[in-house]
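As provided, coords.txt (compact mmCIF, C-alpha atoms and all ligand atoms) reads as follows.
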```txt
# COMPACT_ATOMS: atom_id res chain seq x y z
CA MET A 771 16.44 -10.96 -25.35
CA ASN A 772 14.18 -7.95 -24.72
CA LYS A 773 15.90 -4.88 -23.29
CA PRO A 774 14.92 -4.51 -19.61
CA ILE A 775 12.49 -1.79 -18.43
CA ARG A 776 14.48 0.38 -16.03
CA LYS A 777 12.94 3.83 -16.42
CA ALA A 778 9.42 5.15 -15.98
CA VAL A 779 7.80 8.47 -16.89
CA LEU A 780 5.16 9.98 -14.61
CA PRO A 781 3.46 12.94 -16.30
CA VAL A 782 2.27 15.36 -13.63
CA ALA A 783 1.91 18.58 -15.60
CA GLY A 784 -1.88 18.52 -16.02
CA LEU A 785 -4.01 21.31 -14.57
CA GLY A 786 -6.33 19.07 -12.54
CA THR A 787 -9.35 21.22 -13.37
CA ARG A 788 -11.84 18.58 -12.18
CA PHE A 789 -10.57 19.09 -8.64
CA LEU A 790 -10.64 22.88 -8.44
CA PRO A 791 -10.45 24.68 -6.11
CA ALA A 792 -8.48 21.97 -4.22
CA THR A 793 -5.87 21.92 -6.99
CA LYS A 794 -5.39 25.69 -7.22
CA ALA A 795 -2.25 25.62 -5.04
CA VAL A 796 -1.87 21.87 -4.34
CA PRO A 797 -1.12 19.51 -7.25
CA LYS A 798 -3.78 16.85 -7.82
CA GLU A 799 -1.09 14.18 -7.38
CA MET A 800 -0.47 15.37 -3.80
CA LEU A 801 -4.08 14.85 -2.65
CA THR A 802 -4.13 12.13 -0.03
CA ILE A 803 -5.45 8.58 -0.13
CA VAL A 804 -5.62 7.60 3.57
CA ASP A 805 -2.10 8.68 4.61
CA ARG A 806 -0.08 8.89 1.39
CA PRO A 807 -0.29 11.29 -1.54
CA ILE A 808 -1.66 9.70 -4.72
CA ILE A 809 1.74 9.97 -6.42
CA GLN A 810 3.41 7.89 -3.69
CA TYR A 811 1.21 4.88 -4.53
CA VAL A 812 2.30 5.13 -8.15
CA VAL A 813 6.00 5.51 -7.34
CA ASP A 814 5.75 2.49 -5.01
CA GLU A 815 4.10 0.49 -7.83
CA ALA A 816 6.93 1.42 -10.22
CA ARG A 817 9.66 0.54 -7.74
CA ALA A 818 7.98 -2.81 -7.01
CA ALA A 819 8.25 -3.52 -10.76
CA GLY A 820 12.03 -3.04 -10.71
CA ILE A 821 12.03 0.54 -12.05
CA GLU A 822 15.35 2.15 -11.16
CA HIS A 823 14.80 5.70 -12.41
CA ILE A 824 11.64 7.80 -12.41
CA VAL A 825 11.21 10.84 -14.65
CA PHE A 826 8.57 13.29 -13.44
CA VAL A 827 7.29 15.64 -16.12
CA THR A 828 6.12 18.57 -14.03
CA GLY A 829 4.70 22.03 -14.58
CA ARG A 830 4.38 25.25 -12.67
CA ASN A 831 3.09 24.89 -9.07
CA LYS A 832 4.36 21.29 -8.85
CA GLN A 833 7.58 21.88 -6.83
CA VAL A 834 6.03 20.24 -3.80
CA ILE A 835 6.22 16.87 -5.61
CA GLU A 836 10.02 17.23 -5.82
CA ASP A 837 10.13 18.14 -2.11
CA HIS A 838 8.01 15.12 -1.24
CA PHE A 839 10.59 12.73 -2.73
CA ASP A 840 13.55 14.55 -1.17
CA MET A 841 14.99 14.24 2.32
CA ALA A 842 13.24 16.53 4.85
CA TYR A 843 16.28 17.41 6.99
CA GLU A 844 14.65 19.57 9.67
CA LEU A 845 11.71 17.20 10.09
CA GLU A 846 13.92 14.12 10.23
CA ASP A 847 16.30 15.78 12.73
CA THR A 848 13.39 16.62 14.98
CA LEU A 849 11.99 13.09 14.70
CA ARG A 850 15.44 11.67 15.57
CA ALA A 851 15.75 13.98 18.59
CA ARG A 852 12.34 12.77 19.77
CA ASN A 853 13.23 9.12 19.10
CA LYS A 854 10.32 8.68 16.66
CA VAL A 855 11.89 5.61 15.05
CA ALA A 856 8.76 4.30 13.30
CA ALA A 857 8.06 7.66 11.63
CA LEU A 858 11.69 7.93 10.47
CA GLU A 859 11.61 4.43 9.01
CA LEU A 860 8.39 5.23 7.17
CA LEU A 861 9.95 8.30 5.54
CA GLU A 862 13.01 6.32 4.55
CA LYS A 863 10.99 3.44 3.10
CA HIS A 864 9.11 5.74 0.73
CA ARG A 865 12.09 7.84 -0.36
CA PRO A 866 13.70 6.96 -3.70
CA GLN A 867 17.48 6.41 -3.75
CA PRO A 868 19.57 9.54 -4.36
CA GLY A 869 19.96 10.14 -8.10
CA SER A 870 17.11 7.83 -9.06
CA THR A 871 14.66 10.61 -9.97
CA SER A 872 14.69 13.33 -12.64
CA PHE A 873 12.38 16.29 -12.98
CA THR A 874 11.76 18.05 -16.27
CA ARG A 875 9.16 20.68 -17.07
CA GLN A 876 6.47 20.64 -19.67
CA GLN A 877 6.42 24.38 -20.24
CA ALA A 878 2.79 24.44 -21.39
CA PRO A 879 0.09 21.77 -20.90
CA LEU A 880 -0.19 20.83 -24.59
CA GLY A 881 -1.45 17.31 -23.90
CA LEU A 882 -0.32 13.95 -22.51
CA GLY A 883 1.63 13.08 -25.69
CA HIS A 884 3.61 16.30 -25.41
CA ALA A 885 4.32 15.65 -21.71
CA ILE A 886 5.80 12.22 -22.53
CA TRP A 887 7.87 13.71 -25.38
CA CYS A 888 9.44 16.11 -22.84
CA ALA A 889 11.12 13.06 -21.22
CA ARG A 890 12.84 11.92 -24.45
CA ASP A 891 16.41 12.98 -23.61
CA ILE A 892 16.31 11.44 -20.14
CA ILE A 893 14.85 8.15 -21.39
CA GLY A 894 17.19 7.86 -24.38
CA ASN A 895 17.02 4.81 -26.63
CA ASP A 896 15.51 2.27 -24.22
CA PRO A 897 12.01 0.89 -23.78
CA PHE A 898 10.32 2.52 -20.80
CA ALA A 899 7.13 2.55 -18.73
CA ILE A 900 4.52 5.28 -18.40
CA LEU A 901 2.31 5.45 -15.31
CA LEU A 902 -0.49 8.02 -15.27
CA PRO A 903 -0.32 9.13 -11.68
CA ASP A 904 -3.98 9.95 -11.21
CA MET A 905 -4.78 6.26 -11.70
CA ILE A 906 -3.90 4.10 -8.72
CA ILE A 907 -4.19 0.34 -8.82
CA LYS A 908 -4.90 -1.90 -5.86
CA SER A 909 -3.47 -5.33 -6.61
CA LYS A 910 -1.62 -8.20 -4.96
CA VAL A 911 1.32 -7.81 -7.37
CA SER A 912 2.26 -4.35 -8.67
CA CYS A 913 0.32 -3.79 -11.93
CA LEU A 914 3.48 -2.62 -13.69
CA LYS A 915 5.31 -5.74 -12.47
CA GLN A 916 2.60 -7.87 -14.10
CA MET A 917 3.18 -5.93 -17.33
CA VAL A 918 6.97 -6.30 -17.12
CA ASP A 919 6.50 -10.07 -16.71
CA LEU A 920 4.44 -10.18 -19.93
CA TYR A 921 6.94 -7.88 -21.71
CA GLU A 922 9.78 -10.26 -20.85
CA ASN A 923 7.90 -12.97 -22.77
CA VAL A 924 6.47 -11.09 -25.73
CA GLY A 925 8.52 -7.84 -26.03
CA GLY A 926 7.17 -4.90 -28.04
CA ASN A 927 4.69 -2.50 -26.48
CA ILE A 928 2.28 -3.39 -23.65
CA ILE A 929 -0.91 -1.64 -22.55
CA ALA A 930 -2.76 -2.42 -19.31
CA VAL A 931 -6.49 -2.90 -19.80
CA GLU A 932 -9.50 -3.49 -17.58
CA GLU A 933 -12.99 -4.77 -18.34
CA VAL A 934 -15.77 -2.18 -18.20
CA PRO A 935 -19.54 -2.67 -18.60
CA GLU A 936 -20.57 -2.52 -22.30
CA ASP A 937 -22.75 0.56 -21.71
CA GLU A 938 -19.78 2.54 -20.34
CA THR A 939 -17.24 1.94 -23.12
CA HIS A 940 -18.01 5.35 -24.71
CA ASN A 941 -16.29 7.03 -21.74
CA TYR A 942 -12.86 5.44 -22.28
CA GLY A 943 -10.10 4.50 -24.69
CA ILE A 944 -10.90 0.95 -25.87
CA VAL A 945 -8.62 -1.63 -27.51
CA GLU A 946 -9.43 -3.97 -30.40
CA ILE A 947 -8.18 -7.53 -29.95
CA GLU A 948 -6.50 -9.32 -32.85
CA GLU A 949 -5.67 -12.62 -31.17
CA GLU A 950 -5.41 -13.98 -27.64
CA ILE A 951 -1.94 -14.82 -26.30
CA ASN A 952 -3.28 -16.44 -23.13
CA GLU A 953 -6.17 -15.91 -20.69
CA THR A 954 -5.10 -12.38 -19.75
CA ALA A 955 -2.92 -11.17 -22.64
CA ALA A 956 -3.79 -10.48 -26.28
CA ARG A 957 -2.31 -8.92 -29.41
CA ILE A 958 -4.10 -5.68 -30.22
CA SER A 959 -4.69 -4.21 -33.66
CA ASN A 960 -6.38 -0.90 -32.88
CA MET A 961 -7.41 1.55 -30.18
CA VAL A 962 -10.45 3.80 -30.24
CA GLU A 963 -10.81 6.85 -28.03
CA LYS A 964 -14.36 7.15 -26.58
CA PRO A 965 -16.20 5.07 -29.23
CA ALA A 966 -19.83 6.03 -29.90
CA PRO A 967 -22.28 3.84 -27.88
CA GLY A 968 -22.68 0.43 -29.50
CA THR A 969 -19.55 0.71 -31.69
CA ALA A 970 -16.79 -0.29 -29.22
CA PRO A 971 -14.50 -3.05 -30.56
CA SER A 972 -14.27 -4.67 -27.08
CA ASN A 973 -15.06 -3.93 -23.43
CA LEU A 974 -11.38 -3.48 -22.52
CA MET A 975 -10.47 0.03 -21.43
CA ILE A 976 -6.95 1.48 -21.44
CA THR A 977 -6.00 1.99 -17.80
CA GLY A 978 -3.04 4.41 -17.69
CA ARG A 979 -0.08 2.01 -17.62
CA TYR A 980 2.09 1.48 -20.69
CA ILE A 981 5.40 -0.08 -21.70
CA LEU A 982 6.57 1.58 -24.91
CA GLN A 983 9.53 1.37 -27.25
CA PRO A 984 11.62 4.55 -27.72
CA GLU A 985 10.51 4.97 -31.36
CA ILE A 986 7.37 6.58 -29.89
CA PHE A 987 9.40 9.76 -29.32
CA ASP A 988 9.95 10.35 -33.08
CA LEU A 989 6.19 10.11 -33.59
CA LEU A 990 5.38 12.37 -30.62
CA GLY A 991 7.98 14.83 -31.94
CA LYS A 992 5.76 15.54 -34.95
CA HIS A 993 3.55 17.47 -32.49
CA ASN A 994 0.37 16.56 -34.37
CA LYS A 995 -2.68 17.75 -32.50
CA GLY A 996 -5.62 15.41 -31.97
CA ALA A 997 -8.78 15.31 -29.86
CA GLY A 998 -9.35 18.42 -27.73
CA ASP A 999 -6.66 20.20 -29.79
CA GLU A 1000 -4.04 18.45 -27.61
CA ILE A 1001 -1.03 16.29 -28.57
CA GLN A 1002 -2.44 12.87 -27.73
CA LEU A 1003 -0.36 9.82 -26.74
CA THR A 1004 -2.94 7.50 -28.34
CA ASP A 1005 -2.41 9.02 -31.82
CA SER A 1006 1.33 8.25 -31.73
CA MET A 1007 0.72 4.75 -30.33
CA LEU A 1008 -1.62 4.08 -33.26
CA ALA A 1009 1.08 5.22 -35.68
CA LEU A 1010 3.66 3.00 -33.92
CA MET A 1011 1.28 0.05 -34.17
CA LYS A 1012 1.81 0.03 -37.95
CA ASP A 1013 5.46 -1.07 -37.39
CA GLN A 1014 5.57 -2.72 -33.97
CA SER A 1015 3.58 -5.24 -31.95
CA PHE A 1016 1.24 -4.13 -29.16
CA ALA A 1017 -0.17 -6.46 -26.53
CA SER A 1018 -2.79 -5.80 -23.87
CA LEU A 1019 -2.75 -7.22 -20.36
CA LYS A 1020 -5.85 -7.72 -18.23
CA PHE A 1021 -4.02 -7.22 -14.94
CA GLU A 1022 -5.13 -8.63 -11.60
CA GLY A 1023 -6.34 -5.69 -9.51
CA GLN A 1024 -8.74 -2.79 -9.32
CA SER A 1025 -8.02 0.69 -10.67
CA TYR A 1026 -9.21 3.96 -9.14
CA ASP A 1027 -9.30 7.11 -11.27
CA CYS A 1028 -8.28 9.59 -8.61
CA GLY A 1029 -8.63 12.44 -11.11
CA SER A 1030 -12.41 12.06 -10.63
CA LYS A 1031 -14.21 12.74 -7.36
CA LEU A 1032 -15.90 9.33 -7.29
CA GLY A 1033 -12.63 7.49 -7.99
CA PHE A 1034 -10.81 9.52 -5.33
CA LEU A 1035 -13.45 8.85 -2.66
CA SER A 1036 -13.68 5.16 -3.63
CA ALA A 1037 -9.88 4.79 -3.36
CA ASN A 1038 -9.91 6.35 0.10
CA ILE A 1039 -12.53 3.86 1.26
CA ALA A 1040 -10.92 0.84 -0.45
CA PHE A 1041 -7.41 1.56 0.87
CA GLY A 1042 -8.83 2.60 4.27
CA MET A 1043 -10.50 -0.81 4.54
CA ASP A 1044 -7.02 -2.40 4.27
CA ASP A 1045 -6.17 -1.09 7.73
CA PRO A 1046 -7.98 -3.39 10.20
CA LYS A 1047 -8.20 -0.70 12.90
CA LEU A 1048 -9.61 1.88 10.49
CA ALA A 1049 -11.95 -0.68 8.91
CA GLN A 1050 -13.47 -1.46 12.32
CA GLN A 1051 -14.63 2.15 12.65
CA LEU A 1052 -15.19 2.86 8.98
CA VAL A 1053 -17.80 0.12 8.46
CA PRO A 1054 -20.27 1.29 11.16
CA PHE A 1055 -19.70 4.89 10.02
CA MET A 1056 -20.58 4.03 6.41
CA GLU A 1057 -23.58 1.93 7.50
CA ASP A 1058 -24.82 4.97 9.36
CA VAL A 1059 -24.12 7.39 6.50
CA ILE A 1060 -26.04 5.38 3.90
CA LYS A 1061 -29.14 5.45 6.12
CA GLN A 1062 -29.18 9.27 5.94
CA PRO A 1063 -31.53 10.80 3.36
CA LEU A 1064 -29.74 11.99 0.16
CA ALA A 1065 -29.24 15.74 -0.20
CA ALA A 1066 -31.83 17.32 -2.52
CA GLU A 1067 -30.65 17.69 -6.16
P1 LIG A 1101 -5.95 14.49 -17.47
O1 LIG A 1101 -6.65 14.30 -18.75
O2 LIG A 1101 -6.51 13.80 -16.28
O3 LIG A 1101 -5.86 16.05 -17.21
O4 LIG A 1101 -4.43 14.07 -17.70
P2 LIG A 1101 -5.54 16.86 -15.89
O5 LIG A 1101 -5.15 18.22 -16.29
O6 LIG A 1101 -4.53 16.14 -15.03
O7 LIG A 1101 -6.90 16.88 -15.06
P3 LIG A 1101 -8.33 17.55 -15.41
O8 LIG A 1101 -8.94 16.68 -16.48
O9 LIG A 1101 -8.10 18.96 -15.87
O10 LIG A 1101 -9.07 17.49 -14.12
C1 LIG A 1101 -3.99 12.74 -17.63
C2 LIG A 1101 -2.55 12.74 -17.19
O11 LIG A 1101 -1.72 13.43 -18.11
C3 LIG A 1101 -1.01 14.48 -17.47
C4 LIG A 1101 -1.78 14.80 -16.22
O12 LIG A 1101 -0.94 15.35 -15.22
C5 LIG A 1101 -2.33 13.43 -15.84
O13 LIG A 1101 -1.38 12.67 -15.14
N1 LIG A 1101 -0.92 15.63 -18.41
C6 LIG A 1101 -2.00 15.98 -19.15
C7 LIG A 1101 0.27 16.31 -18.53
O14 LIG A 1101 1.28 16.00 -17.85
N2 LIG A 1101 0.35 17.35 -19.43
C8 LIG A 1101 -0.72 17.72 -20.18
O15 LIG A 1101 -0.58 18.66 -20.99
C9 LIG A 1101 -1.92 17.02 -20.04
```

Go ahead and express the file in the form of structure tokens.
Ligand code: UTP
Amino acid sequence: MNKPIRKAVLPVAGLGTRFLPATKAVPKEMLTIVDRPIIQYVVDEARAAGIEHIVFVTGRNKQVIEDHFDMAYELEDTLRARNKVAALELLEKHRPQPGSTSFTRQQAPLGLGHAIWCARDIIGNDPFAILLPDMIIKSKVSCLKQMVDLYENVGGNIIAVEEVPEDETHNYGIVEIEEEINETAARISNMVEKPAPGTAPSNLMITGRYILQPEIFDLLGKHNKGAGDEIQLTDSMLALMKDQSFASLKFEGQSYDCGSKLGFLSANIAFGMDDPKLAQQLVPFMEDVIKQPLAAE
């Protein structure tokens, strides 16, 4: 039987330079999609997949993330005194159980691979999930839950993938398929980071959700630098692929890269449209906006 996936790592130590100046004092993960910070969507996805413990790898200026997942005594007292039951219930619903979160610091932003390595002692010798918190996924069933379901059947390491148009593959990490397992899952034999146009081994991009075996930590611990002079997670996954199986899952759902302005705005519209009252006003507003002439370049 495959060991269950109980812990997840959320690396939140990046600098968020694409969103400056918004991210000068506010972490990128705390920017809001409709009425929740981006990171809340990702924590909710992990909890819906049965994750019992979340490890946040943070950096300087990220304390507010820890506060967000803590109890807000003064606020909750005031809400109670004012009988704001619905607001209190909302706070409670989104708050992880006491003791079910850990926070560790990546002392310098040396790359995603290094951030994950910083969680090694807390994860220990168990398989675990990684969720990149700037990617949020709108799906009927939690994307990570879909991956856990596949993992329970095939074990090993799992990577979530999504189809992208052929002429955009050079912007992403792309997997190479060895053999199909079923309609949505496949064994993978290679991964290529931003392949030159026309050379991509498939049109399946790596989406920021992983289930990995703990042996990845030994490989990350070599601290080998890769693209951008950073310690890359992909390089260690490629090394692990020599000894262990990797499968990809084409999950049901739509991802939004909230680390980019377009992804962030798209997510706000897509999740806003889920609220019937908001949608009723949002649609005529957008119809009106698209009639306006575009601002000059
Ligand atoms: P990104 O490549 O999106 O970098 O990191 P970033 O710093 O967050 O944002 P930009 O590109 O400067 O705008 C992908 C994920 O890896 C984490 C980030 O927090 C993000 O969740 N990360 C990256 C770390 O935790 N540490 C690092 O050293 C690098």

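Omitting A:Gly784 and its sequence neighbours fewer than 3 positions away, and counting only C-alpha atoms, the residues within 10 Å are A:Pro781, A:Thr787, A:Pro797, A:Lys798, A:Glu799, A:Val827, A:Thr828, A:Gly829, A:Arg830, A:Lys832, A:Gln876, A:Ala878, A:Pro879, A:Leu880, A:Gly881, A:Leu882, A:Ala885.
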
Inset, instruction - Please work out which residues fall within 12 Å of (-0.3, 11.8, -0.8), coordinates as given in the file, with only C-alpha atoms counting, and return them as an NGL selection string. - result: :A and (796-814 or 834-835 or 838-839 or 864 or 903-904 or 906 or 1028 or 1034 or 1038)

Inset, instruction - Rank A:Ala783, A:Ala842, A:Ala857, A:Ala816 by their smallest atom-to-atom distance to A:Leu901, using only C-alpha atoms, and report the top residue only. - result: A:Ala816

Inset, instruction - Rank nothing, just name the residue among A:Leu1052, A:Ile821, A:Ile976, A:Val782 nearest to ligand LIG 1101 (chain A), using all atoms listed in the file. - result: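 Once distances to ligand LIG 1101 (chain A) are computed over all atoms listed in the file, the minimum belongs to A:Val782.
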
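Proximity of A:Leu1003, A:Ile893, A:Leu1032, A:Ala1040 to ligand LIG 1101 (chain A), computed with only C-alpha atoms and all ligand atoms, is greatest for A:Leu1003.
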
Legend entry - Pick from A:Lys915, A:Arg850, A:Arg788, A:His940 nearest to ligand LIG 1101 (chain A), counting only C-alpha atoms and all ligand atoms: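 Among A:Lys915, A:Arg850, A:Arg788, A:His940, it is A:Arg788 that comes nearest to ligand LIG 1101 (chain A).
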
Inset, instruction - Give me, please, the distance in Å between atom CA of A:Met1043 and atom CA of A:Asp1058, quoted to one decimal. - result: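 Separating atom CA of A:Met1043 from atom CA of A:Asp1058 is a distance of 16.2 Å.
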
All residues 12 Å or closer to A:Gln867, all atoms listed in the file, same chain fewer than 4 positions away omitted, as a tab-separated table (two decimals) with C-alpha atoms, keeping the file's coordinate frame:
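The new file result_30.tsv reads:
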```
chain	number	residue	atom	x	y	z
A	817	ARG	CA	9.66	0.54	-7.74
A	821	ILE	CA	12.03	0.54	-12.05
A	822	GLU	CA	15.35	2.15	-11.16
A	823	HIS	CA	14.80	5.70	-12.41
A	824	ILE	CA	11.64	7.80	-12.41
A	839	PHE	CA	10.59	12.73	-2.73
A	840	ASP	CA	13.55	14.55	-1.17
A	841	MET	CA	14.99	14.24	2.32
A	862	GLU	CA	13.01	6.32	4.55
A	863	LYS	CA	10.99	3.44	3.10
A	871	THR	CA	14.66	10.61	-9.97
A	872	SER	CA	14.69	13.33	-12.64
```

Give me the stretch 865-972 of chain A side of the contact with stretch 1012-1026 of chain A, cut-off 8 Å, one line per residue showing its nearest atom pair and distance in Å at one decimal, counting all atoms listed in the file, sorted by chain and residue number, as CSV.
```
residue,atom,partner,partner_atom,distance
A:Met905,CA,A:Tyr1026,CA,5.6
A:Ile906,CA,A:Tyr1026,CA,5.3
A:Ile907,CA,A:Ser1025,CA,4.3
A:Lys908,CA,A:Gln1024,CA,5.2
A:Ser909,CA,A:Gly1023,CA,4.1
A:Lys910,CA,A:Gly1023,CA,7.0
A:Val911,CA,A:Glu1022,CA,7.8
A:Cys913,CA,A:Phe1021,CA,6.3
A:Gln916,CA,A:Phe1021,CA,6.7
A:Met917,CA,A:Leu1019,CA,6.8
A:Leu920,CA,A:Leu1019,CA,7.8
A:Gly926,CA,A:Ser1015,CA,5.3
A:Asn927,CA,A:Phe1016,CA,4.7
A:Ile928,CA,A:Ala1017,CA,4.9
A:Ile929,CA,A:Ser1018,CA,4.8
A:Ala930,CA,A:Leu1019,CA,4.9
A:Val931,CA,A:Lys1020,CA,5.1
A:Glu932,CA,A:Lys1020,CA,5.6
A:Glu933,CA,A:Lys1020,CA,7.7
A:Thr954,CA,A:Lys1020,CA,5.0
A:Ala955,CA,A:Leu1019,CA,4.6
A:Ala956,CA,A:Ser1018,CA,5.4
A:Arg957,CA,A:Ala1017,CA,4.4
A:Ile958,CA,A:Ala1017,CA,5.4
A:Ser959,CA,A:Phe1016,CA,7.4
```

Inset, instruction - Choose the residue, out of A:Lys794, A:Arg776, A:Lys992, A:Arg852, that has the smallest atom-to-atom separation from ligand LIG 1101 (chain A); count all atoms listed in the file. - result: A:Lys794

Inset, instruction - Please indicate the distance in Å from atom CA of A:Cys888 to atom CA of A:Tyr980, rounded to one decimal place. - result: 16.5 Å

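The space between atom CA of A:Gly1033 and atom CA of A:Ala795 spans 21.1 Å.
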
As a PDB file, in the coordinates of the input, please: stretch 791-812 of chain A completed to N, CA and C atoms.
```pdb
ATOM      1  N   PRO A 791     -11.623  23.850  -6.380  1.00  0.00           N
ATOM      2  CA  PRO A 791     -10.450  24.680  -6.110  1.00  0.00           C
ATOM      3  C   PRO A 791      -9.333  23.959  -5.345  1.00  0.00           C
ATOM      4  N   ALA A 792      -9.514  22.646  -5.006  1.00  0.00           N
ATOM      5  CA  ALA A 792      -8.480  21.970  -4.220  1.00  0.00           C
ATOM      6  C   ALA A 792      -7.125  22.033  -4.902  1.00  0.00           C
ATOM      7  N   THR A 793      -7.128  22.010  -6.258  1.00  0.00           N
ATOM      8  CA  THR A 793      -5.870  21.920  -6.990  1.00  0.00           C
ATOM      9  C   THR A 793      -5.336  23.278  -7.458  1.00  0.00           C
ATOM     10  N   LYS A 794      -5.865  24.350  -6.845  1.00  0.00           N
ATOM     11  CA  LYS A 794      -5.390  25.690  -7.220  1.00  0.00           C
ATOM     12  C   LYS A 794      -3.923  25.843  -6.791  1.00  0.00           C
ATOM     13  N   ALA A 795      -3.626  25.478  -5.542  1.00  0.00           N
ATOM     14  CA  ALA A 795      -2.250  25.620  -5.040  1.00  0.00           C
ATOM     15  C   ALA A 795      -1.599  24.271  -4.753  1.00  0.00           C
ATOM     16  N   VAL A 796      -2.410  23.201  -4.643  1.00  0.00           N
ATOM     17  CA  VAL A 796      -1.870  21.870  -4.340  1.00  0.00           C
ATOM     18  C   VAL A 796      -2.029  20.988  -5.579  1.00  0.00           C
ATOM     19  N   PRO A 797      -0.950  20.382  -6.079  1.00  0.00           N
ATOM     20  CA  PRO A 797      -1.120  19.510  -7.250  1.00  0.00           C
ATOM     21  C   PRO A 797      -2.062  18.348  -6.951  1.00  0.00           C
ATOM     22  N   LYS A 798      -2.832  17.972  -7.966  1.00  0.00           N
ATOM     23  CA  LYS A 798      -3.780  16.850  -7.820  1.00  0.00           C
ATOM     24  C   LYS A 798      -3.068  15.604  -7.285  1.00  0.00           C
ATOM     25  N   GLU A 799      -1.839  15.393  -7.746  1.00  0.00           N
ATOM     26  CA  GLU A 799      -1.090  14.180  -7.380  1.00  0.00           C
ATOM     27  C   GLU A 799      -0.705  14.156  -5.903  1.00  0.00           C
ATOM     28  N   MET A 800      -0.824  15.318  -5.217  1.00  0.00           N
ATOM     29  CA  MET A 800      -0.470  15.370  -3.800  1.00  0.00           C
ATOM     30  C   MET A 800      -1.697  15.239  -2.897  1.00  0.00           C
ATOM     31  N   LEU A 801      -2.889  15.099  -3.486  1.00  0.00           N
ATOM     32  CA  LEU A 801      -4.080  14.850  -2.650  1.00  0.00           C
ATOM     33  C   LEU A 801      -3.879  13.473  -2.011  1.00  0.00           C
ATOM     34  N   THR A 802      -4.492  13.292  -0.842  1.00  0.00           N
ATOM     35  CA  THR A 802      -4.130  12.130  -0.030  1.00  0.00           C
ATOM     36  C   THR A 802      -5.136  10.996  -0.103  1.00  0.00           C
ATOM     37  N   ILE A 803      -4.633   9.795  -0.288  1.00  0.00           N
ATOM     38  CA  ILE A 803      -5.450   8.580  -0.130  1.00  0.00           C
ATOM     39  C   ILE A 803      -5.003   7.965   1.211  1.00  0.00           C
ATOM     40  N   VAL A 804      -5.862   8.021   2.183  1.00  0.00           N
ATOM     41  CA  VAL A 804      -5.620   7.600   3.570  1.00  0.00           C
ATOM     42  C   VAL A 804      -4.445   8.392   4.179  1.00  0.00           C
ATOM     43  N   ASP A 805      -3.212   7.952   3.994  1.00  0.00           N
ATOM     44  CA  ASP A 805      -2.100   8.680   4.610  1.00  0.00           C
ATOM     45  C   ASP A 805      -0.929   8.913   3.665  1.00  0.00           C
ATOM     46  N   ARG A 806      -1.149   8.685   2.371  1.00  0.00           N
ATOM     47  CA  ARG A 806      -0.080   8.890   1.390  1.00  0.00           C
ATOM     48  C   ARG A 806      -0.619   9.706   0.234  1.00  0.00           C
ATOM     49  N   PRO A 807       0.196  10.601  -0.337  1.00  0.00           N
ATOM     50  CA  PRO A 807      -0.290  11.290  -1.540  1.00  0.00           C
ATOM     51  C   PRO A 807      -0.442  10.292  -2.691  1.00  0.00           C
ATOM     52  N   ILE A 808      -1.370  10.595  -3.579  1.00  0.00           N
ATOM     53  CA  ILE A 808      -1.660   9.700  -4.720  1.00  0.00           C
ATOM     54  C   ILE A 808      -0.367   9.293  -5.415  1.00  0.00           C
ATOM     55  N   ILE A 809       0.524  10.243  -5.641  1.00  0.00           N
ATOM     56  CA  ILE A 809       1.740   9.970  -6.420  1.00  0.00           C
ATOM     57  C   ILE A 809       2.650   8.934  -5.736  1.00  0.00           C
ATOM     58  N   GLN A 810       2.564   8.858  -4.402  1.00  0.00           N
ATOM     59  CA  GLN A 810       3.410   7.890  -3.690  1.00  0.00           C
ATOM     60  C   GLN A 810       2.996   6.453  -4.029  1.00  0.00           C
ATOM     61  N   TYR A 811       1.686   6.226  -4.159  1.00  0.00           N
ATOM     62  CA  TYR A 811       1.210   4.880  -4.530  1.00  0.00           C
ATOM     63  C   TYR A 811       1.796   4.466  -5.879  1.00  0.00           C
ATOM     64  N   VAL A 812       1.859   5.444  -6.792  1.00  0.00           N
ATOM     65  CA  VAL A 812       2.300   5.130  -8.150  1.00  0.00           C
ATOM     66  C   VAL A 812       3.809   4.906  -8.189  1.00  0.00           C
TER      67      VAL A 812
END
```
